[in-house]
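Structure below is structure-v3.cif: mmCIF, C-alpha atoms and all ligand atoms.
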```
data_coords
loop_
_atom_site.group_PDB
_atom_site.id
_atom_site.type_symbol
_atom_site.label_atom_id
_atom_site.label_comp_id
_atom_site.auth_asym_id
_atom_site.auth_seq_id
_atom_site.Cartn_x
_atom_site.Cartn_y
_atom_site.Cartn_z
ATOM 1 C CA MET G 8 -6.009 14.751 9.079
ATOM 2 C CA HIS G 9 -7.831 13.602 12.174
ATOM 3 C CA ILE G 10 -8.644 9.884 12.345
ATOM 4 C CA SER G 11 -11.876 9.560 14.253
ATOM 5 C CA SER G 12 -12.491 5.898 13.515
ATOM 6 C CA ALA G 13 -10.312 3.006 12.397
ATOM 7 C CA ILE G 14 -12.078 -0.289 12.013
ATOM 8 C CA PHE G 15 -10.824 -3.703 10.950
ATOM 9 C CA ASP G 16 -12.954 -4.753 8.012
ATOM 10 C CA CYS G 17 -11.838 -8.202 6.907
ATOM 11 C CA SER G 18 -8.974 -10.478 5.956
ATOM 12 C CA ALA G 19 -9.514 -11.478 2.361
ATOM 13 C CA PRO G 20 -7.779 -14.475 0.757
ATOM 14 C CA ASP G 21 -8.422 -13.087 -2.731
ATOM 15 C CA LEU G 22 -9.748 -10.071 -4.606
ATOM 16 C CA ASP G 23 -13.287 -11.413 -4.834
ATOM 17 C CA SER G 24 -13.442 -11.609 -1.041
ATOM 18 C CA CYS G 25 -12.470 -7.957 -0.583
ATOM 19 C CA PRO G 26 -15.158 -5.438 0.408
ATOM 20 C CA ASP G 27 -17.006 -3.640 -2.375
ATOM 21 C CA GLU G 28 -15.143 -0.868 -4.168
ATOM 22 C CA SER G 29 -17.220 2.023 -2.897
ATOM 23 C CA LEU G 30 -14.414 3.583 -0.807
ATOM 24 C CA PRO G 31 -11.010 4.835 -2.024
ATOM 25 C CA GLU G 32 -8.166 2.571 -0.917
ATOM 26 C CA PHE G 33 -4.516 3.043 -0.016
ATOM 27 C CA ALA G 34 -2.463 -0.129 0.143
ATOM 28 C CA PHE G 35 0.822 -0.924 1.884
ATOM 29 C CA ILE G 36 3.235 -3.337 0.315
ATOM 30 C CA GLY G 37 6.873 -4.290 0.773
ATOM 31 C CA ARG G 38 9.034 -7.196 1.814
ATOM 32 C CA SER G 39 8.028 -9.126 4.921
ATOM 33 C CA ASN G 40 9.231 -7.311 8.029
ATOM 34 C CA VAL G 41 9.741 -3.945 6.329
ATOM 35 C CA GLY G 42 7.209 -2.424 8.724
ATOM 36 C CA LYS G 43 3.864 -2.397 6.852
ATOM 37 C CA SER G 44 1.664 -3.297 9.806
ATOM 38 C CA SER G 45 3.543 -0.951 12.159
ATOM 39 C CA LEU G 46 3.098 1.932 9.740
ATOM 40 C CA LEU G 47 -0.579 1.158 9.319
ATOM 41 C CA ASN G 48 -0.955 1.310 13.087
ATOM 42 C CA LEU G 49 0.936 4.611 13.186
ATOM 43 C CA LEU G 50 -1.325 6.158 10.555
ATOM 44 C CA SER G 51 -4.505 4.889 12.170
ATOM 45 C CA GLY G 52 -3.391 6.022 15.628
ATOM 46 C CA LYS G 53 -4.296 2.580 16.975
ATOM 47 C CA LEU G 54 -1.399 0.544 18.274
ATOM 48 C CA ASN G 55 -2.895 -2.876 17.693
ATOM 49 C CA LEU G 56 -5.076 -2.417 14.636
ATOM 50 C CA ALA G 57 -2.825 -4.475 12.348
ATOM 51 C CA ARG G 58 -0.796 -7.307 13.751
ATOM 52 C CA VAL G 59 2.931 -6.549 14.038
ATOM 53 C CA SER G 60 5.082 -9.624 13.797
ATOM 54 C CA PRO G 61 8.773 -10.103 14.590
ATOM 55 C CA THR G 62 8.719 -13.216 12.364
ATOM 56 C CA PRO G 63 8.717 -12.451 8.639
ATOM 57 C CA GLY G 64 6.004 -13.782 6.392
ATOM 58 C CA PHE G 65 3.112 -13.911 8.829
ATOM 59 C CA THR G 66 0.425 -12.129 6.821
ATOM 60 C CA LYS G 67 -0.843 -14.142 3.871
ATOM 61 C CA LEU G 68 -4.138 -12.312 3.597
ATOM 62 C CA ILE G 69 -5.280 -8.943 2.310
ATOM 63 C CA ASN G 70 -6.204 -7.096 5.520
ATOM 64 C CA VAL G 71 -8.663 -4.278 4.996
ATOM 65 C CA PHE G 72 -9.389 -1.432 7.440
ATOM 66 C CA THR G 73 -11.947 1.349 7.096
ATOM 67 C CA MET G 74 -10.891 4.792 8.281
ATOM 68 C CA ASN G 75 -13.231 7.646 9.164
ATOM 69 C CA LYS G 76 -15.925 5.583 7.400
ATOM 70 C CA THR G 77 -14.747 7.158 4.133
ATOM 71 C CA TRP G 78 -11.539 5.468 2.959
ATOM 72 C CA ARG G 79 -9.618 2.264 3.472
ATOM 73 C CA LEU G 80 -6.124 1.160 4.366
ATOM 74 C CA VAL G 81 -5.047 -2.211 3.038
ATOM 75 C CA ASP G 82 -2.200 -4.267 4.514
ATOM 76 C CA LEU G 83 -0.999 -6.514 1.687
ATOM 77 C CA PRO G 84 1.032 -9.702 2.170
ATOM 78 C CA GLY G 85 4.765 -9.072 1.834
ATOM 79 C CA TYR G 86 6.622 -10.245 -1.222
ATOM 80 C CA GLY G 87 9.555 -12.630 -1.089
ATOM 81 C CA PHE G 88 12.098 -14.212 -3.366
ATOM 82 C CA ALA G 89 10.875 -16.432 -6.154
ATOM 83 C CA ALA G 90 12.204 -19.924 -5.510
ATOM 84 C CA GLY G 91 14.726 -21.097 -8.079
ATOM 85 C CA ALA G 92 14.989 -17.758 -9.891
ATOM 86 C CA ARG G 93 18.504 -17.229 -11.250
ATOM 87 C CA LYS G 94 18.540 -13.534 -10.430
ATOM 88 C CA ALA G 95 16.733 -11.852 -7.570
ATOM 89 C CA LYS G 96 13.096 -11.832 -8.517
ATOM 90 C CA PHE G 97 10.223 -10.906 -6.291
ATOM 91 C CA LYS G 98 7.206 -13.113 -5.924
ATOM 92 C CA PHE G 99 3.855 -12.427 -4.400
ATOM 93 C CA ASN G 100 0.766 -14.512 -4.393
ATOM 94 C CA HIS G 101 -1.910 -14.399 -7.053
ATOM 95 C CA ALA G 102 -4.272 -12.450 -4.778
ATOM 96 C CA VAL G 103 -1.813 -9.541 -4.536
ATOM 97 C CA ASP G 104 -1.167 -9.565 -8.274
ATOM 98 C CA ASP G 105 -4.917 -9.524 -8.913
ATOM 99 C CA TYR G 106 -5.523 -6.818 -6.289
ATOM 100 C CA LEU G 107 -2.834 -4.481 -7.630
ATOM 101 C CA LYS G 108 -3.868 -4.899 -11.251
ATOM 102 C CA ASN G 109 -7.623 -4.926 -10.921
ATOM 103 C CA ARG G 110 -8.805 -3.156 -7.792
ATOM 104 C CA THR G 111 -10.573 -0.146 -9.240
ATOM 105 C CA SER G 112 -10.866 1.645 -5.884
ATOM 106 C CA LEU G 113 -7.093 1.499 -5.341
ATOM 107 C CA CYS G 114 -5.864 5.126 -5.324
ATOM 108 C CA CYS G 115 -2.279 4.767 -4.291
ATOM 109 C CA VAL G 116 0.189 2.112 -3.198
ATOM 110 C CA PHE G 117 2.657 2.917 -0.458
ATOM 111 C CA ALA G 118 5.708 0.902 -1.509
ATOM 112 C CA LEU G 119 7.755 0.382 1.649
ATOM 113 C CA LEU G 120 11.538 0.047 1.599
ATOM 114 C CA ASP G 121 13.943 -0.370 4.512
ATOM 115 C CA SER G 122 15.859 2.910 4.898
ATOM 116 C CA GLY G 123 18.734 1.048 6.546
ATOM 117 C CA LEU G 124 19.585 -0.977 3.454
ATOM 118 C CA PRO G 125 21.192 -0.120 0.132
ATOM 119 C CA PRO G 126 18.977 -0.900 -2.906
ATOM 120 C CA GLN G 127 17.828 -4.507 -2.787
ATOM 121 C CA GLU G 128 17.344 -6.155 -6.172
ATOM 122 C CA ILE G 129 14.032 -7.622 -5.113
ATOM 123 C CA ASP G 130 12.686 -4.133 -4.322
ATOM 124 C CA VAL G 131 14.034 -2.664 -7.546
ATOM 125 C CA GLU G 132 12.302 -5.488 -9.435
ATOM 126 C CA PHE G 133 9.075 -4.826 -7.617
ATOM 127 C CA ILE G 134 9.119 -1.094 -8.393
ATOM 128 C CA ALA G 135 9.760 -1.982 -12.039
ATOM 129 C CA TRP G 136 6.675 -4.194 -11.925
ATOM 130 C CA LEU G 137 4.555 -1.373 -10.437
ATOM 131 C CA ALA G 138 5.774 0.971 -13.169
ATOM 132 C CA ARG G 139 5.107 -1.572 -15.937
ATOM 133 C CA ASN G 140 1.601 -2.141 -14.653
ATOM 134 C CA SER G 141 0.871 1.575 -14.218
ATOM 135 C CA VAL G 142 0.039 1.180 -10.553
ATOM 136 C CA PRO G 143 0.069 4.605 -8.851
ATOM 137 C CA PHE G 144 2.530 4.583 -5.945
ATOM 138 C CA VAL G 145 4.765 6.549 -3.609
ATOM 139 C CA LEU G 146 7.978 5.300 -1.998
ATOM 140 C CA VAL G 147 8.153 5.128 1.781
ATOM 141 C CA PHE G 148 11.500 4.468 3.455
ATOM 142 C CA THR G 149 10.813 2.866 6.841
ATOM 143 C CA LYS G 150 12.588 2.460 10.188
ATOM 144 C CA THR G 151 14.608 5.681 9.964
ATOM 145 C CA ASP G 152 15.275 5.441 13.708
ATOM 146 C CA LYS G 153 17.585 2.475 13.158
ATOM 147 C CA VAL G 154 20.332 4.244 11.205
ATOM 148 C CA THR G 155 21.808 7.739 10.901
ATOM 149 C CA ALA G 156 20.131 10.394 8.773
ATOM 150 C CA THR G 157 23.180 10.319 6.475
ATOM 151 C CA THR G 158 22.742 6.597 5.841
ATOM 152 C CA VAL G 159 19.027 7.095 5.160
ATOM 153 C CA GLN G 160 19.772 9.831 2.615
ATOM 154 C CA ALA G 161 22.523 7.768 0.967
ATOM 155 C CA ASN G 162 20.233 4.738 0.647
ATOM 156 C CA ILE G 163 17.402 6.850 -0.767
ATOM 157 C CA ALA G 164 19.765 8.459 -3.286
ATOM 158 C CA ALA G 165 21.117 5.052 -4.346
ATOM 159 C CA PHE G 166 17.616 3.651 -4.758
ATOM 160 C CA THR G 167 16.278 6.582 -6.754
ATOM 161 C CA ALA G 168 19.366 6.422 -8.977
ATOM 162 C CA ARG G 169 18.402 2.833 -9.823
ATOM 163 C CA ILE G 170 14.836 3.648 -10.819
ATOM 164 C CA SER G 171 14.957 7.241 -12.068
ATOM 165 C CA GLY G 172 15.426 6.247 -15.728
ATOM 166 C CA TRP G 173 11.977 4.642 -15.806
ATOM 167 C CA PHE G 174 10.006 7.748 -14.927
ATOM 168 C CA GLU G 175 9.516 11.166 -16.451
ATOM 169 C CA LYS G 176 8.904 12.384 -12.945
ATOM 170 C CA LEU G 177 10.135 10.410 -9.948
ATOM 171 C CA PRO G 178 7.452 9.079 -7.618
ATOM 172 C CA ALA G 179 7.080 10.998 -4.355
ATOM 173 C CA ILE G 180 9.427 9.863 -1.581
ATOM 174 C CA PHE G 181 8.669 9.769 2.137
ATOM 175 C CA THR G 182 10.477 8.595 5.239
ATOM 176 C CA CYS G 183 8.936 7.230 8.392
ATOM 177 C CA SER G 184 9.598 5.556 11.692
ATOM 178 C CA ALA G 185 6.787 3.777 13.467
ATOM 179 C CA LEU G 186 8.998 3.654 16.553
ATOM 180 C CA ALA G 187 9.768 7.382 16.606
ATOM 181 C CA LYS G 188 6.264 8.205 15.309
ATOM 182 C CA HIS G 189 7.727 10.091 12.382
ATOM 183 C CA GLY G 190 6.150 10.522 8.948
ATOM 184 C CA ARG G 191 2.510 10.189 9.965
ATOM 185 C CA GLU G 192 1.314 13.647 8.932
ATOM 186 C CA GLU G 193 3.136 13.520 5.597
ATOM 187 C CA LEU G 194 1.576 10.188 4.629
ATOM 188 C CA LEU G 195 -1.869 11.224 5.820
ATOM 189 C CA GLY G 196 -1.294 14.292 3.633
ATOM 190 C CA VAL G 197 -0.978 12.026 0.566
ATOM 191 C CA ILE G 198 -4.309 10.457 1.450
ATOM 192 C CA ASN G 199 -5.895 13.829 2.133
ATOM 193 C CA GLU G 200 -4.793 15.143 -1.250
ATOM 194 C CA ALA G 201 -6.046 12.054 -3.053
ATOM 195 C CA MET G 202 -9.399 12.292 -1.292
ATOM 196 C CA ALA G 203 -9.705 15.971 -2.205
ATOM 197 C CA ALA G 204 -8.884 15.156 -5.844
ATOM 198 C CA ILE G 205 -11.546 12.436 -5.884
ATOM 199 C CA GLN G 206 -14.122 14.843 -4.500
ATOM 200 C CA THR G 207 -13.226 17.448 -7.126
ATOM 201 C CA GLU G 208 -13.406 14.793 -9.831
ATOM 202 C CA ALA G 209 -16.759 13.589 -8.542
ATOM 203 C CA GLY G 210 -18.030 17.185 -8.623
ATOM 204 C CA GLN G 211 -16.874 17.571 -12.214
ATOM 205 C CA ALA G 212 -18.271 14.179 -13.168
ATOM 206 C CA SER G 213 -21.708 15.207 -11.978
ATOM 207 C CA VAL G 214 -21.773 18.006 -14.564
ATOM 208 C CA LEU G 215 -20.487 15.812 -17.412
ATOM 209 C CA PRO G 216 -23.050 14.838 -20.041
ATOM 210 C CA GLU G 217 -24.547 11.477 -19.256
ATOM 211 C CA GLY G 218 -22.685 8.463 -20.581
ATOM 212 C CA LEU G 219 -19.200 9.984 -20.510
ATOM 213 C CA PRO G 220 -16.780 7.739 -18.639
ATOM 214 C CA VAL G 221 -15.178 9.231 -15.531
ATOM 215 C CA PRO G 222 -11.428 9.017 -16.141
ATOM 216 C CA SER G 223 -10.327 7.565 -12.871
ATOM 217 C CA ARG G 224 -9.343 4.197 -11.553
ATOM 218 C CA GLN G 225 -11.597 4.366 -8.538
ATOM 219 C CA ALA G 226 -14.654 5.663 -10.338
ATOM 220 C CA GLY G 227 -15.796 2.410 -11.864
ATOM 221 C CA ALA G 228 -16.784 0.319 -8.877
ATOM 222 C CA ARG G 229 -17.429 -3.154 -10.132
ATOM 223 C CA GLU G 230 -20.869 -4.597 -9.685
ATOM 224 C CA ASN G 231 -19.781 -8.145 -9.155
ATOM 225 C CA ARG G 232 -17.709 -7.641 -6.025
ATOM 226 C CA LYS G 233 -19.775 -8.450 -2.988
ATOM 227 C CA ARG G 234 -18.493 -8.177 0.538
ATOM 228 C CA ARG G 235 -18.443 -11.427 2.476
ATOM 229 C CA PRO G 236 -19.487 -10.594 6.014
ATOM 230 C CA ASP G 237 -18.531 -14.068 7.249
ATOM 231 C CA LEU G 238 -14.765 -13.481 6.887
ATOM 232 C CA ALA G 239 -13.454 -13.648 10.440
ATOM 233 C CA ARG G 240 -10.251 -12.049 11.628
ATOM 234 C CA PRO G 241 -7.703 -14.907 11.842
ATOM 235 C CA TRP G 242 -5.970 -13.708 15.001
HETATM 236 N N1 LIG G 301 13.167 0.159 14.981
HETATM 237 C C1 LIG G 301 12.024 0.024 14.292
HETATM 238 N N2 LIG G 301 11.444 -1.187 14.178
HETATM 239 C C2 LIG G 301 10.295 -1.282 13.467
HETATM 240 C C3 LIG G 301 9.704 -0.151 12.831
HETATM 241 N N3 LIG G 301 8.595 -0.571 12.177
HETATM 242 C C4 LIG G 301 8.504 -1.899 12.406
HETATM 243 N N4 LIG G 301 9.518 -2.340 13.185
HETATM 244 C C5 LIG G 301 9.750 -3.728 13.642
HETATM 245 O O1 LIG G 301 9.976 -4.550 12.499
HETATM 246 C C6 LIG G 301 9.318 -5.819 12.658
HETATM 247 C C7 LIG G 301 8.336 -6.043 11.517
HETATM 248 O O2 LIG G 301 7.292 -5.084 11.589
HETATM 249 P P1 LIG G 301 5.872 -5.317 10.880
HETATM 250 O O3 LIG G 301 5.143 -4.029 11.007
HETATM 251 O O4 LIG G 301 5.212 -6.540 11.425
HETATM 252 O O5 LIG G 301 6.344 -5.571 9.382
HETATM 253 P P2 LIG G 301 5.524 -6.188 8.146
HETATM 254 O O6 LIG G 301 5.903 -7.644 8.090
HETATM 255 O O7 LIG G 301 6.028 -5.456 6.964
HETATM 256 O O8 LIG G 301 4.077 -5.957 8.412
HETATM 257 C C8 LIG G 301 8.654 -5.779 14.040
HETATM 258 O O9 LIG G 301 9.511 -6.408 14.960
HETATM 259 C C9 LIG G 301 8.502 -4.291 14.317
HETATM 260 O O10 LIG G 301 8.494 -4.010 15.703
HETATM 261 C C10 LIG G 301 10.349 1.132 12.993
HETATM 262 O O11 LIG G 301 9.912 2.178 12.489
HETATM 263 N N5 LIG G 301 11.509 1.148 13.726
HETATM 264 MG MG MG G 302 2.495 -7.250 8.538
#
```
Could you spell out this file's structure in structure tokens?
Amino acid sequence: MHISSAIFDCSAPDLDSCPDESLPEFAFIGRSNVGKSSLLNLLSGKLNLARVSPTPGFTKLINVFTMNKTWRLVDLPGYGFAAGARKAKFKFNHAVDDYLKNRTSLCCVFALLDSGLPPQEIDVEFIAWLARNSVPFVLVFTKTDKVTATTVQANIAAFTARISGWFEKLPAIFTCSALAKHGREELLGVINEAMAAIQTEAGQASVLPEGLPVPSRQAGARENRKRRPDLARPW
């Protein structure tokens, strides 16, 4: 897929401040520092579209970008450990919880995991949460340039072994390296396929008898979400 335009839209502190739901969205989430912003830049083809930070935990806002004027990429705040939890438990802010559960234009979440690490409990917990909440997602193992291909494969196998029991069919798995510029076409392919499916669905919906609901998450754009044009980029 060719990206002809990639535009920063806004940084939203909560779901109500996000742009309207007229465009399909693809959101990146993962622990702080896993490489969300770097991957977003790789996909967009713009090096400095999303801010890359060597210090974990920088992004607290939902950063929205419009691509090719037809779909959006969303850089979500990273999750961290819940303070005081007895076992590893992820925690993200209310805005992320609300976004993932209620954003009707959300087509697919790219759940990012560090390919250099064995399964981390916090990530396993988070994938369980996505599954429980029926959020559509794919797994993306990042930073493959940092370790050997054998280690990447071993870590992927160990992770999928942890989660495979929860799914009839395992979610799709991708690898990427923002540094080596690897994985871009494959991930854009996911978006391309989703966009094609939406177009097909929209075509079918137009021949449905009036009043029949369109069975898709992104079809029911909510009336009450208004874009706030006064949200300035905080960097
Ligand atoms: N070696 C390597 N480093 C990466 C890669 N992607 C991100 N990083 C580094 O990891 C750190 C965190 O990246 P960032 O994209 O800000 O992560 P985020 O917190 O998940 O948005 C930065 O220092 C990046 O330069 C990658 O593919 N390979
Ligand atoms: Mg970031």
Name the residues that the PyMOL selection byres (((chain G and resi 99) around 9) and not hetatm) picks from the file above, as a PyMOL selection string, using the file's chain letters and numbers. chain G and resi 84-89+97-98+100-104
File of the preceding selection, C-alpha atoms, as a compact mmCIF listing (two decimals), in the frame of the given file:
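The result, written out as again13.txt:
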```txt
# COMPACT_ATOMS: atom_id res chain seq x y z
CA PRO G 84 1.03 -9.70 2.17
CA GLY G 85 4.76 -9.07 1.83
CA TYR G 86 6.62 -10.24 -1.22
CA GLY G 87 9.56 -12.63 -1.09
CA PHE G 88 12.10 -14.21 -3.37
CA ALA G 89 10.88 -16.43 -6.15
CA PHE G 97 10.22 -10.91 -6.29
CA LYS G 98 7.21 -13.11 -5.92
CA ASN G 100 0.77 -14.51 -4.39
CA HIS G 101 -1.91 -14.40 -7.05
CA ALA G 102 -4.27 -12.45 -4.78
CA VAL G 103 -1.81 -9.54 -4.54
CA ASP G 104 -1.17 -9.56 -8.27
```
Name each residue within 7 Å of ligand LIG 301 (chain G), counting all atoms listed in the file, as a list of chain:residue names.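 Protein and nucleic-acid residues within 7 Å of ligand LIG 301 (chain G): G:Gly37, G:Arg38, G:Ser39, G:Asn40, G:Val41, G:Gly42, G:Lys43, G:Ser44, G:Ser45, G:Leu46, G:Arg58, G:Val59, G:Ser60, G:Pro61, G:Pro63, G:Gly64, G:Phe65, G:Gly85, G:Thr149, G:Lys150, G:Thr151, G:Asp152, G:Lys153, G:Cys183, G:Ser184, G:Ala185, G:Leu186, G:Ala187.
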Coordinates-based distance that separates CA of Ile69 (chain G) from CA of Gly123 (chain G) (Å, one decimal): 26.4 Å
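When CA of Leu177 (chain G) is paired with CA of Ala138 (chain G), their separation reads 10.9 Å.
Going from CA of Val116 (chain G) to CA of Leu137 (chain G) covers 9.1 Å.
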Using only C-alpha atoms, list the residues that have an atom at most 8 Å from (-10.2, -5.9, -2.0), coordinates as in the file, as JSON, numbers by chain. {"G": [19, 21, 22, 23, 24, 25, 26, 27, 28, 69, 71, 106, 110]}
